[in-house]
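Peer 1: Next comes start.txt, compact mmCIF, C-alpha atoms:
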```txt
# COMPACT_ATOMS: atom_id res chain seq x y z
CA MET A 1298 0.00 0.00 0.00
CA GLN A 1299 1.60 3.24 -1.18
CA THR A 1300 -1.30 5.67 -0.93
CA VAL A 1301 -4.51 6.13 1.03
CA THR A 1302 -7.69 8.11 0.45
CA LEU A 1303 -8.33 10.62 3.21
CA ILE A 1304 -11.35 12.72 4.09
CA ALA A 1305 -10.90 15.98 6.00
CA THR A 1306 -14.30 16.82 7.50
CA ALA A 1307 -15.42 20.45 7.64
CA ALA A 1308 -18.14 22.48 9.32
CA MET A 1309 -20.77 23.80 6.90
CA GLY A 1310 -19.41 26.83 5.03
CA LEU A 1311 -15.75 26.03 5.71
CA GLU A 1312 -15.15 23.42 3.01
CA SER A 1313 -13.18 25.85 0.82
CA VAL A 1314 -10.99 26.86 3.77
CA VAL A 1315 -10.16 23.22 4.54
CA ALA A 1316 -9.58 22.52 0.83
CA LYS A 1317 -7.09 25.39 0.59
CA GLU A 1318 -5.20 24.08 3.62
CA VAL A 1319 -5.02 20.57 2.14
CA LYS A 1320 -3.80 21.99 -1.20
CA ASN A 1321 -1.14 23.99 0.64
CA LEU A 1322 0.15 20.69 2.03
CA GLY A 1323 0.59 19.52 -1.57
CA TYR A 1324 -2.45 17.28 -2.18
CA GLU A 1325 -5.12 17.46 -4.90
CA VAL A 1326 -8.65 17.63 -3.54
CA GLN A 1327 -12.30 16.94 -4.32
CA VAL A 1328 -14.70 19.14 -2.35
CA ASP A 1329 -18.16 18.04 -1.26
CA ASN A 1330 -20.64 19.13 1.40
CA GLY A 1331 -18.95 18.89 4.77
CA LYS A 1332 -15.80 17.20 3.50
CA VAL A 1333 -12.67 17.39 1.41
CA GLU A 1334 -11.48 14.11 -0.13
CA PHE A 1335 -7.96 13.46 -1.43
CA GLU A 1336 -5.51 10.70 -2.27
CA ALA A 1337 -2.11 10.95 -0.62
CA PRO A 1338 0.84 8.93 0.67
CA ILE A 1339 0.56 7.40 4.16
CA SER A 1340 2.79 10.22 5.44
CA ALA A 1341 -0.17 12.57 4.87
CA ILE A 1342 -1.96 11.10 7.91
CA PRO A 1343 0.46 12.66 10.42
CA ARG A 1344 0.98 15.81 8.34
CA CYS A 1345 -2.73 16.56 7.96
CA ASN A 1346 -3.50 15.88 11.61
CA LEU A 1347 -0.67 18.18 12.66
CA TRP A 1348 -1.37 21.01 10.24
CA LEU A 1349 -5.08 21.32 9.42
CA ARG A 1350 -6.37 24.27 11.44
CA SER A 1351 -9.93 24.40 10.09
CA ALA A 1352 -10.81 20.69 9.66
CA ASP A 1353 -12.77 18.79 12.32
CA ARG A 1354 -11.18 15.37 11.71
CA VAL A 1355 -9.08 13.39 9.24
CA LYS A 1356 -10.68 10.08 8.28
CA LEU A 1357 -9.23 7.18 6.30
CA LEU A 1358 -11.59 5.96 3.56
CA VAL A 1359 -11.80 2.16 3.53
CA GLY A 1360 -14.52 1.84 0.91
CA LYS A 1361 -17.85 2.92 -0.61
CA PHE A 1362 -20.67 0.79 -2.01
CA LYS A 1363 -24.43 0.76 -2.60
CA ALA A 1364 -26.44 -0.75 0.26
CA THR A 1365 -30.23 -1.02 0.28
CA SER A 1366 -30.40 -4.18 2.43
CA PHE A 1367 -28.61 -5.54 5.47
CA ASP A 1368 -27.16 -8.28 3.25
CA ASP A 1369 -25.67 -5.59 0.97
CA LEU A 1370 -24.17 -3.88 4.00
CA PHE A 1371 -22.75 -7.09 5.46
CA GLU A 1372 -21.22 -8.39 2.23
CA GLY A 1373 -19.94 -4.98 1.17
CA THR A 1374 -18.25 -4.44 4.52
CA LYS A 1375 -16.77 -7.95 4.60
CA ALA A 1376 -15.29 -7.46 1.11
CA LEU A 1377 -13.17 -4.50 2.24
CA PRO A 1378 -9.46 -4.99 3.17
CA TRP A 1379 -9.71 -4.11 6.88
CA GLU A 1380 -6.64 -6.19 7.76
CA ILE A 1381 -4.41 -3.77 5.81
CA TYR A 1382 -5.17 -1.08 8.35
CA ILE A 1383 -6.28 -2.76 11.60
CA ASP A 1384 -4.01 -4.91 13.75
CA GLU A 1385 -5.43 -8.21 14.98
CA ASP A 1386 -5.68 -6.87 18.56
CA GLY A 1387 -7.14 -3.51 17.48
CA GLU A 1388 -10.02 -2.01 19.45
CA ILE A 1389 -12.84 -1.42 16.94
CA PRO A 1390 -15.81 0.66 18.11
CA VAL A 1391 -18.32 1.36 15.33
CA ILE A 1392 -20.37 4.55 15.08
CA GLY A 1393 -22.88 5.47 12.38
CA LYS A 1394 -25.30 7.84 10.73
CA SER A 1395 -27.95 7.49 8.05
CA VAL A 1396 -29.47 10.22 5.87
CA GLN A 1397 -32.17 9.65 3.21
CA SER A 1398 -31.38 5.93 3.07
CA THR A 1399 -33.37 2.70 3.08
CA LEU A 1400 -31.28 1.43 5.99
CA HIS A 1401 -32.30 4.00 8.57
CA SER A 1402 -31.73 2.11 11.83
CA VAL A 1403 -28.24 3.28 12.80
CA PRO A 1404 -27.78 0.81 15.73
CA ASP A 1405 -28.60 -2.14 13.43
CA CYS A 1406 -26.18 -0.85 10.78
CA GLN A 1407 -23.44 -0.50 13.37
CA LYS A 1408 -23.95 -4.09 14.57
CA ILE A 1409 -23.89 -5.49 11.04
CA VAL A 1410 -20.73 -3.56 10.11
CA LYS A 1411 -19.01 -4.75 13.29
CA LYS A 1412 -20.01 -8.37 12.67
CA ALA A 1413 -18.84 -8.31 9.03
CA LEU A 1414 -15.60 -6.57 9.92
CA VAL A 1415 -14.83 -9.10 12.70
CA GLU A 1416 -15.54 -12.03 10.38
CA ARG A 1417 -13.16 -10.60 7.78
CA MET A 1418 -10.45 -10.00 10.39
CA LYS A 1419 -10.77 -13.49 11.94
CA LEU A 1420 -10.57 -15.06 8.49
CA LYS A 1421 -7.49 -13.07 7.47
CA TYR A 1422 -5.68 -13.48 10.78
CA GLY A 1423 -6.65 -17.17 11.14
CA MET A 1424 -8.45 -16.68 14.44
CA VAL A 1425 -11.20 -18.91 15.83
CA SER A 1426 -12.17 -17.04 18.98
CA LYS A 1427 -13.37 -13.45 19.10
CA LEU A 1428 -10.95 -10.56 18.51
CA PRO A 1429 -9.14 -9.51 21.70
CA GLU A 1430 -9.55 -5.74 21.04
CA THR A 1431 -6.83 -4.91 23.56
CA GLY A 1432 -4.65 -2.84 21.23
CA ALA A 1433 -4.77 0.52 19.46
CA MET A 1434 -8.09 2.30 18.79
CA TYR A 1435 -9.57 2.20 15.28
CA ARG A 1436 -12.90 4.02 15.38
CA VAL A 1437 -14.93 2.90 12.36
CA GLU A 1438 -17.83 4.93 10.98
CA ILE A 1439 -20.61 3.70 8.72
CA ALA A 1440 -22.19 6.70 6.98
CA LEU A 1441 -25.21 6.10 4.75
CA LEU A 1442 -26.29 8.85 2.35
CA LYS A 1443 -28.94 8.15 -0.27
CA ASP A 1444 -28.21 4.40 0.01
CA GLU A 1445 -24.46 4.77 -0.51
CA ALA A 1446 -22.43 3.32 2.36
CA THR A 1447 -19.13 4.99 3.18
CA LEU A 1448 -16.83 3.25 5.65
CA THR A 1449 -14.01 5.17 7.29
CA ILE A 1450 -11.56 4.93 10.18
CA ASP A 1451 -10.94 8.05 12.26
CA THR A 1452 -7.22 8.89 12.30
CA SER A 1453 -7.53 11.86 14.67
CA GLY A 1454 -9.07 10.50 17.86
CA VAL A 1455 -10.23 13.54 19.80
CA GLY A 1456 -11.52 16.21 17.37
CA LEU A 1457 -8.89 18.48 15.84
CA HIS A 1458 -10.36 21.52 17.59
CA LYS A 1459 -8.86 20.14 20.81
CA ARG A 1460 -5.44 21.76 20.50
CA GLY A 1461 -4.59 21.06 24.12
CA TYR A 1462 -4.20 24.65 25.34
CA ARG A 1463 -7.70 25.41 26.64
CA VAL A 1464 -7.49 25.29 30.43
CA GLY A 1465 -10.52 27.56 30.87
CA GLN A 1466 -13.41 28.94 28.85
CA GLY A 1467 -16.41 31.24 29.04
CA ASP A 1468 -20.14 30.58 28.68
CA ALA A 1469 -20.11 30.53 24.88
CA PRO A 1470 -16.68 29.37 23.70
CA LEU A 1471 -15.76 29.49 20.03
CA LYS A 1472 -14.35 26.25 18.62
CA GLU A 1473 -10.64 26.53 17.86
CA THR A 1474 -11.20 25.28 14.30
CA LEU A 1475 -13.78 27.99 13.64
CA ALA A 1476 -11.59 30.66 15.27
CA ALA A 1477 -8.67 29.66 13.02
CA SER A 1478 -10.97 29.73 9.98
CA LEU A 1479 -12.07 33.27 10.80
CA VAL A 1480 -8.42 34.35 10.73
CA LEU A 1481 -7.65 32.36 7.57
CA LEU A 1482 -10.57 34.08 5.81
CA THR A 1483 -8.91 37.49 6.31
CA ASN A 1484 -6.00 39.11 4.45
CA TRP A 1485 -4.07 39.62 7.70
CA HIS A 1486 -0.29 39.32 7.63
CA PRO A 1487 1.78 38.69 10.77
CA ASN A 1488 3.46 42.12 10.56
CA GLU A 1489 0.10 43.91 10.89
CA PRO A 1490 -1.82 44.77 14.10
CA PHE A 1491 -4.54 42.29 15.09
CA VAL A 1492 -7.23 43.00 17.72
CA ASP A 1493 -10.11 41.00 19.16
CA PRO A 1494 -12.18 43.41 21.31
CA PHE A 1495 -14.48 40.64 22.60
CA CYS A 1496 -11.81 38.02 23.18
CA GLY A 1497 -13.54 35.92 25.86
CA SER A 1498 -11.22 32.99 26.62
CA GLY A 1499 -8.79 34.20 23.94
CA THR A 1500 -9.33 31.61 21.20
CA ILE A 1501 -9.17 33.96 18.19
CA PRO A 1502 -5.96 35.80 19.26
CA ILE A 1503 -4.30 32.49 20.21
CA GLU A 1504 -5.14 30.94 16.83
CA ALA A 1505 -3.93 34.11 15.09
CA ALA A 1506 -0.62 33.90 16.96
CA MET A 1507 -0.13 30.28 15.89
CA ILE A 1508 -0.90 31.22 12.29
CA GLY A 1509 1.40 34.24 12.52
CA GLN A 1510 4.36 32.14 13.66
CA ASN A 1511 3.42 29.16 11.46
CA ILE A 1512 3.04 26.86 14.47
CA ALA A 1513 1.31 23.54 13.67
CA PRO A 1514 -1.98 23.48 15.63
CA GLY A 1515 -1.60 19.78 16.51
CA PHE A 1516 1.97 20.07 17.77
CA ASN A 1517 1.10 19.58 21.46
CA ARG A 1518 -1.46 16.78 21.33
CA GLU A 1519 -1.82 13.10 20.46
CA PHE A 1520 -3.70 11.28 17.68
CA SER A 1521 -5.24 7.80 17.43
CA SER A 1522 -3.16 6.91 14.39
CA GLU A 1523 0.10 7.42 16.27
CA ASN A 1524 -0.49 3.89 17.60
CA TRP A 1525 -1.26 2.25 14.25
CA SER A 1526 1.39 -0.12 12.95
CA PHE A 1527 0.85 0.67 9.25
CA VAL A 1528 1.60 4.37 9.86
CA LYS A 1529 5.29 3.96 10.61
CA GLN A 1530 6.99 5.92 13.38
CA LYS A 1531 9.30 7.46 10.77
CA HIS A 1532 6.28 9.25 9.23
CA TRP A 1533 5.40 10.80 12.58
CA ASP A 1534 9.01 11.72 13.32
CA LYS A 1535 9.36 13.40 9.94
CA ALA A 1536 6.05 15.29 10.33
CA PHE A 1537 6.98 16.62 13.78
CA GLU A 1538 10.45 17.50 12.52
CA GLU A 1539 8.94 19.43 9.59
CA ALA A 1540 6.61 21.29 11.97
CA GLU A 1541 9.55 22.30 14.16
CA ASP A 1542 11.69 23.34 11.18
CA VAL A 1543 9.11 25.61 9.53
CA ALA A 1544 7.81 27.28 12.70
CA ASN A 1545 8.87 30.93 12.75
CA TYR A 1546 9.25 31.63 16.46
CA ASP A 1547 11.17 34.85 15.71
CA GLN A 1548 8.25 36.45 13.86
CA PRO A 1549 7.24 39.54 15.89
CA LEU A 1550 3.50 39.87 16.41
CA ASN A 1551 1.22 42.72 17.45
CA ILE A 1552 -1.86 40.85 18.70
CA THR A 1553 -4.21 42.18 21.37
CA GLY A 1554 -7.24 40.63 23.05
CA THR A 1555 -9.58 42.80 25.12
CA ASP A 1556 -12.72 42.02 27.08
CA ILE A 1557 -14.92 43.87 29.54
CA ASP A 1558 -14.72 40.93 31.99
CA HIS A 1559 -11.43 40.78 33.93
CA LYS A 1560 -12.09 37.11 34.74
CA MET A 1561 -12.08 36.25 31.03
CA ILE A 1562 -8.83 38.17 30.55
CA ASP A 1563 -7.31 35.94 33.25
CA VAL A 1564 -8.66 32.82 31.50
CA ALA A 1565 -7.35 34.02 28.11
CA ASN A 1566 -3.92 34.68 29.59
CA ARG A 1567 -3.79 31.20 31.13
CA ASN A 1568 -4.80 29.61 27.82
CA ALA A 1569 -2.10 31.58 25.98
CA LEU A 1570 0.52 30.50 28.51
CA GLU A 1571 -0.57 26.87 28.08
CA ALA A 1572 -0.17 27.28 24.30
CA GLY A 1573 3.36 28.65 24.81
CA LEU A 1574 2.33 32.08 23.52
CA GLY A 1575 2.33 34.00 26.80
CA GLU A 1576 4.70 36.75 25.68
CA LEU A 1577 3.21 37.18 22.21
CA ILE A 1578 -0.31 38.43 22.98
CA GLN A 1579 -1.36 41.52 24.94
CA TRP A 1580 -4.47 41.04 27.10
CA LYS A 1581 -6.38 44.05 28.39
CA GLN A 1582 -9.59 44.50 30.35
CA MET A 1583 -11.54 47.29 28.65
CA GLN A 1584 -14.92 48.05 27.12
CA VAL A 1585 -15.25 48.38 23.37
CA SER A 1586 -16.12 52.10 23.59
CA ASP A 1587 -12.58 52.77 24.87
CA LEU A 1588 -10.94 51.10 21.88
CA HIS A 1589 -8.62 53.43 19.95
CA PHE A 1590 -5.64 52.85 17.69
CA LYS A 1591 -2.43 54.76 16.98
CA GLN A 1592 -1.52 52.79 13.86
CA PRO A 1593 -3.24 52.21 10.51
CA ASN A 1594 -3.78 48.99 8.54
CA GLY A 1595 -4.91 46.84 11.44
CA TYR A 1596 -7.40 44.01 11.63
CA ILE A 1597 -10.30 43.43 14.01
CA VAL A 1598 -11.51 39.82 14.09
CA SER A 1599 -14.13 39.07 16.71
CA ASN A 1600 -17.11 37.10 17.93
CA PRO A 1601 -19.10 39.63 20.01
CA PRO A 1602 -21.93 38.54 22.31
CA TYR A 1603 -25.25 38.38 20.49
CA GLY A 1604 -28.86 37.93 21.46
CA GLN A 1605 -29.14 34.17 20.96
CA ARG A 1606 -26.28 33.39 23.34
CA LEU A 1607 -25.55 36.10 25.87
CA GLY A 1608 -27.41 39.30 26.74
CA ASP A 1609 -30.15 40.32 24.35
CA GLN A 1610 -30.82 41.91 20.98
CA LYS A 1611 -30.58 45.43 22.42
CA GLN A 1612 -27.08 44.73 23.69
CA ALA A 1613 -26.10 43.23 20.33
CA MET A 1614 -27.36 46.39 18.58
CA LYS A 1615 -25.52 48.65 21.04
CA THR A 1616 -22.27 46.70 20.58
CA ALA A 1617 -22.47 46.86 16.77
CA LYS A 1618 -23.27 50.58 16.88
CA GLN A 1619 -20.31 51.33 19.18
CA LEU A 1620 -17.96 49.32 17.00
CA GLY A 1621 -19.19 51.06 13.84
CA GLU A 1622 -18.69 54.51 15.37
CA ILE A 1623 -15.13 53.68 16.42
CA ILE A 1624 -14.15 52.12 13.09
CA SER A 1625 -15.53 55.10 11.15
CA ASN A 1626 -12.47 56.99 12.47
CA TYR A 1627 -10.06 54.32 11.17
CA PRO A 1628 -10.84 53.74 7.47
CA SER A 1629 -7.61 51.77 6.91
CA TRP A 1630 -8.63 49.11 9.45
CA SER A 1631 -10.33 45.93 8.26
CA VAL A 1632 -13.13 44.47 10.37
CA TYR A 1633 -14.32 40.85 10.43
CA ILE A 1634 -17.26 40.05 12.72
CA ILE A 1635 -19.11 36.75 13.19
CA THR A 1636 -22.57 37.18 14.67
CA ALA A 1637 -26.10 35.76 14.65
CA TYR A 1638 -27.50 39.29 15.04
CA ASP A 1639 -29.12 39.75 11.64
CA GLN A 1640 -29.37 43.55 11.88
CA PHE A 1641 -25.61 43.94 12.34
CA GLU A 1642 -24.98 45.99 9.17
CA ALA A 1643 -27.73 48.48 10.00
CA ALA A 1644 -26.45 48.92 13.57
CA PHE A 1645 -22.81 49.08 12.43
CA GLY A 1646 -23.77 51.78 9.95
CA LYS A 1647 -22.24 50.29 6.85
CA LYS A 1648 -22.87 47.43 4.43
CA ALA A 1649 -20.21 44.71 4.55
CA THR A 1650 -17.76 44.33 1.67
CA LYS A 1651 -18.47 40.60 1.81
CA LYS A 1652 -20.74 38.38 3.88
CA ARG A 1653 -20.37 34.64 4.45
CA LYS A 1654 -22.82 32.21 6.05
CA LEU A 1655 -21.21 30.10 8.78
CA PHE A 1656 -22.34 27.98 11.71
CA ASN A 1657 -21.11 28.50 15.26
CA GLY A 1658 -22.05 25.07 16.57
CA TYR A 1659 -25.72 24.81 15.62
CA ILE A 1660 -26.23 28.57 15.52
CA ARG A 1661 -26.53 30.03 12.02
CA THR A 1662 -24.34 33.13 11.79
CA ASP A 1663 -22.97 35.56 9.23
CA TYR A 1664 -19.34 36.58 8.90
CA TYR A 1665 -19.32 40.29 8.03
CA GLN A 1666 -16.14 41.40 6.27
CA TYR A 1667 -15.21 45.08 5.92
CA PHE A 1668 -12.03 45.71 3.91
CA GLY A 1669 -10.02 48.72 5.02
CA GLN A 1670 -8.29 51.21 2.68
CA LYS A 1671 -4.60 50.53 3.26
CA GLU A 1672 -2.14 53.27 4.21
CA SER A 1673 1.64 53.04 4.09
CA GLY A 1674 3.72 53.12 7.27
CA TYR A 1675 2.60 52.60 10.85
CA SER A 1676 4.02 52.12 14.35
CA ASN A 1677 3.29 49.00 16.38
CA GLU A 1678 1.51 50.61 19.28
CA ILE A 1679 -1.96 50.29 20.76
CA LYS A 1680 -3.50 52.68 23.26
```
Take the structure in the file and write it out as structure tokens.
Peer 2:
Amino acid sequence: MQTVTLIATAAMGLESVVAKEVKNLGYEVQVDNGKVEFEAPISAIPRCNLWLRSADRVKLLVGKFKATSFDDLFEGTKALPWEIYIDEDGEIPVIGKSVQSTLHSVPDCQKIVKKALVERMKLKYGMVSKLPETGAMYRVEIALLKDEATLTIDTSGVGLHKRGYRVGQGDAPLKETLAASLVLLTNWHPNEPFVDPFCGSGTIPIEAAMIGQNIAPGFNREFSSENWSFVKQKHWDKAFEEAEDVANYDQPLNITGTDIDHKMIDVANRNALEAGLGELIQWKQMQVSDLHFKQPNGYIVSNPPYGQRLGDQKQAMKTAKQLGEIISNYPSWSVYIITAYDQFEAAFGKKATKKRKLFNGYIRTDYYQYFGQKESGYSNEIK
């Protein structure tokens, strides 16, 4: 086996962001709803898990086939080469989902897939008794969509949004993968000022700092596939070595996170320290009305409180209005705001240059993008 087919899963609206990241790693992609599929060498498993900032998981595609009966599902599953990937002592939990398919009972589908998979493994490994399942974890998923069965193994383990630095969070935390995507959707460069005036537990500034210094988001965590025998240790060693070599720890950054709640500033600071970015980000307790800048060409990227989560619609309107009044004095600053408050543009006082539909968990939001008019020359100083 020289190559594998991988699927990087994506939150709705972020498929193009994930696809761009995969392409930047050197792989050709096919984009579909909620996923980016690509063929790559086995070494892509560690590289993608280490580097993909916006993807939810990296899954290994074992096979696809039509299944309108339980017999179809059993025989199709049994025909797949599971033994190539799974060791004879592998632990094999099976999860599932079914959408617009004849086989709609997910628990029954999971049982059938597990039974067929075990039969195949016992046959190939020459085993009479049941599989021991005492070894590495191989989480299998059966996904049925319009009667097509897709069988995958999760290479990531815990979701990729779990970077390992979050020691505290607020009432409405932003997923790290979404926070990174918000930054990747801007034109920000590491030598430009970056401010999050509603930083909460600090996720957006922390992700921006990792992007700014080209730090692999998965550098300080573990993955299920690190324990798989067919993904050789040399692939992991090389991937971690690459991540260390290309990180630009000397890149100066001008990143600031502010919040009205001093407790959240403490949480954000602790999270940044855990991420190894303690000296790179300024944290300040302040209200948005006190926000002023001494330099042009900066970027605001933020997830302000909005009516559906915290406070109410009046507060959301007041926040947008305050932000709009401040930014009107800084035409060279670019502003990127994710919010579920659908009257944001009216309250802000200006129509967005671009607007993108995104989901913050299950909450439908819009990402309002205001492009600033660039000026030349600035000093790295924030009031």
Peer 1: Just give me the residues with any atom within 10 Å of (-11.2, 34.1, 27.9), file coordinates, counting only C-alpha atoms, written as a ChimeraX atom specification.
Peer 2: /A:1463-1468,1470,1495-1501,1554-1556,1558-1569,1580
Peer 1: Of the candidates A:Met1298, A:Ile1381, A:Leu1347, A:Ala1316, which shows the shortest atom-to-atom distance to Trp1525 in chain A, using all atoms listed in the file?
Peer 2: A:Ile1381
Peer 1: Within 9 Å of (-2.3, 33.2, 12.2), only C-alpha atoms: residues as JSON, numbers by chain?
Peer 2: {"A": [1477, 1480, 1481, 1485, 1486, 1487, 1502, 1503, 1504, 1505, 1506, 1507, 1508, 1509, 1510, 1511, 1512]}
Peer 1: Between CA of Val1391 in chain A and CA of Phe1367 in chain A, what distance in Å does the model show, to one decimal?
Peer 2: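 Separation between CA of Val1391 in chain A and CA of Phe1367 in chain A: 15.8 Å.
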Peer 1: Just give me the gap between CA of Thr1449 in chain A and CA of Tyr1462 in chain A in Å, one decimal is fine.
Peer 2: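 Going from CA of Thr1449 in chain A over to CA of Tyr1462 in chain A, I get 28.3 Å.
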Peer 1: Determine, counting all atoms listed in the file, which protein, DNA and RNA residues have an atom within 8 Å of an atom of Ser1521 in chain A; residues of the same chain fewer than 2 positions away are not included. Present the result as a list in words.
Peer 2: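 Listing them by chain and then by number gives Ala1433, Met1434, Tyr1435, Asp1451, Thr1452, Ser1453, Gly1454, Val1455, Glu1519, Glu1523, Asn1524 and Trp1525 of chain A.
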Peer 1: When distances are computed from only C-alpha atoms, which of A:Val1528, A:Pro1593, A:Ile1409, A:Val1543 shows the smallest separation from Asp1368 in chain A?
Peer 2: A:Ile1409
Peer 1: Draw an axis-aligned box tight on the listed atoms of range 1642-1660 of chain A, then pad every side by 6 Å and write out centre and edge lengths in Å to one decimal as JSON.
Peer 2:
```
{"center_x": -22.7, "center_y": 38.3, "center_z": 9.1, "size_x": 22.0, "size_y": 39.0, "size_z": 26.9}
```
Peer 1: Taking all atoms listed in the file into account, produce a table as CSV in which each residue of range 1479-1551 of chain A with an atom at most 12 Å from an atom of range 1667-1672 of chain A appears once, together with its shortest atom pair and the distance in Å to one decimal, ordered by chain and rising number.
Peer 2:
```
residue,atom,partner,partner_atom,distance
A:Leu1482,CA,A:Phe1668,CA,11.9
A:Thr1483,CA,A:Phe1668,CA,9.1
A:Asn1484,CA,A:Phe1668,CA,9.0
A:Trp1485,CA,A:Phe1668,CA,10.7
A:Glu1489,CA,A:Lys1671,CA,11.1
```
Peer 1: Name the closest residue to Thr1302 in chain A among the candidates A:Ser1395, A:Gln1327, A:Thr1662, A:Asn1321; distances are taken between atoms, counting only C-alpha atoms.
Peer 2: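 Checking each of A:Ser1395, A:Gln1327, A:Thr1662, A:Asn1321 against Thr1302 in chain A, counting only C-alpha atoms, the winner is A:Gln1327.
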Peer 1: What lies within 9 Å of Asn1330 in chain A using only C-alpha atoms, ignoring chain neighbours under 3 positions off, as a PDB file with C-alpha atoms, in the frame of the given file?
Peer 2:
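What follows is the written file selection.pdb:
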```pdb
ATOM      1  CA  ALA A1307     -15.420  20.450   7.640  1.00  0.00           C
ATOM      2  CA  ALA A1308     -18.140  22.480   9.320  1.00  0.00           C
ATOM      3  CA  MET A1309     -20.770  23.800   6.900  1.00  0.00           C
ATOM      4  CA  GLY A1310     -19.410  26.830   5.030  1.00  0.00           C
ATOM      5  CA  GLU A1312     -15.150  23.420   3.010  1.00  0.00           C
ATOM      6  CA  VAL A1333     -12.670  17.390   1.410  1.00  0.00           C
TER       7      VAL A1333
END
```
Peer 1: Could you check which of A:Val1410, A:Tyr1633, A:Phe1641, A:Gly1595 is closest to Met1614 in chain A, using only C-alpha atoms?
Peer 2: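 Smallest separation from Met1614 in chain A among the options: A:Phe1641.
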Peer 1: What is the CA of Ala1643 in chain A to CA of Val1492 in chain A distance in Å?
Peer 2: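 Taking CA of Ala1643 in chain A as the start and CA of Val1492 in chain A as the end point, the length is 22.6 Å.
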Peer 1: Give the answer as one residue: which of A:Leu1357, A:Leu1441, A:Ala1341, A:Leu1475 has the shortest atom-to-atom distance to Val1315 in chain A, using all atoms listed in the file?
Peer 2: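 Of the candidates, the smallest distance to Val1315 in chain A is held by A:Leu1475.
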Peer 1: For Glu1622 in chain A, which of A:Leu1588, A:Leu1370, A:Ala1337, A:Ile1439 is the closest residue, counting all atoms listed in the file?
Peer 2: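 Closest to Glu1622 in chain A of all the choices is A:Leu1588.
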Peer 1: So which residues touch Ala1617 in chain A within 12 Å, counting only C-alpha atoms, skipping near sequence neighbours fewer than 6 positions away, as an mmCIF file with C-alpha atoms, in the coordinates of the input?
Peer 2:
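Output file result31.cif follows:
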```cif
data_model
loop_
_atom_site.group_PDB
_atom_site.id
_atom_site.type_symbol
_atom_site.label_atom_id
_atom_site.label_comp_id
_atom_site.auth_asym_id
_atom_site.auth_seq_id
_atom_site.Cartn_x
_atom_site.Cartn_y
_atom_site.Cartn_z
ATOM 1 C CA PRO A 1494 -12.180 43.410 21.310
ATOM 2 C CA PHE A 1495 -14.480 40.640 22.600
ATOM 3 C CA VAL A 1585 -15.250 48.380 23.370
ATOM 4 C CA SER A 1586 -16.120 52.100 23.590
ATOM 5 C CA SER A 1599 -14.130 39.070 16.710
ATOM 6 C CA ASN A 1600 -17.110 37.100 17.930
ATOM 7 C CA PRO A 1601 -19.100 39.630 20.010
ATOM 8 C CA PRO A 1602 -21.930 38.540 22.310
ATOM 9 C CA TYR A 1603 -25.250 38.380 20.490
ATOM 10 C CA GLY A 1604 -28.860 37.930 21.460
ATOM 11 C CA GLN A 1610 -30.820 41.910 20.980
ATOM 12 C CA LYS A 1611 -30.580 45.430 22.420
ATOM 13 C CA ILE A 1623 -15.130 53.680 16.420
ATOM 14 C CA ILE A 1624 -14.150 52.120 13.090
ATOM 15 C CA VAL A 1632 -13.130 44.470 10.370
ATOM 16 C CA TYR A 1633 -14.320 40.850 10.430
ATOM 17 C CA ILE A 1634 -17.260 40.050 12.720
ATOM 18 C CA ILE A 1635 -19.110 36.750 13.190
ATOM 19 C CA THR A 1636 -22.570 37.180 14.670
ATOM 20 C CA ALA A 1637 -26.100 35.760 14.650
ATOM 21 C CA TYR A 1638 -27.500 39.290 15.040
ATOM 22 C CA ASP A 1639 -29.120 39.750 11.640
ATOM 23 C CA GLN A 1640 -29.370 43.550 11.880
ATOM 24 C CA PHE A 1641 -25.610 43.940 12.340
ATOM 25 C CA GLU A 1642 -24.980 45.990 9.170
ATOM 26 C CA ALA A 1643 -27.730 48.480 10.000
ATOM 27 C CA ALA A 1644 -26.450 48.920 13.570
ATOM 28 C CA PHE A 1645 -22.810 49.080 12.430
ATOM 29 C CA GLY A 1646 -23.770 51.780 9.950
ATOM 30 C CA LYS A 1647 -22.240 50.290 6.850
ATOM 31 C CA TYR A 1665 -19.320 40.290 8.030
#
```
Peer 1: Excluding Gly1456 in chain A and its own-chain neighbours fewer than 6 positions away, which residues fall within 9 Å of it when counting all atoms listed in the file? Please give them as JSON, numbers by chain.
Peer 2: {"A": [1352, 1353, 1354, 1355]}
Peer 1: With a distance cut-off of 9 Å and only C-alpha atoms, select the neighbouring residues of Lys1531 in chain A, excluding the residue or stretch itself and same-chain residues fewer than 4 positions from it, and output the selection as a PyMOL selection string.
Peer 2: chain A and resi 1340+1535-1536
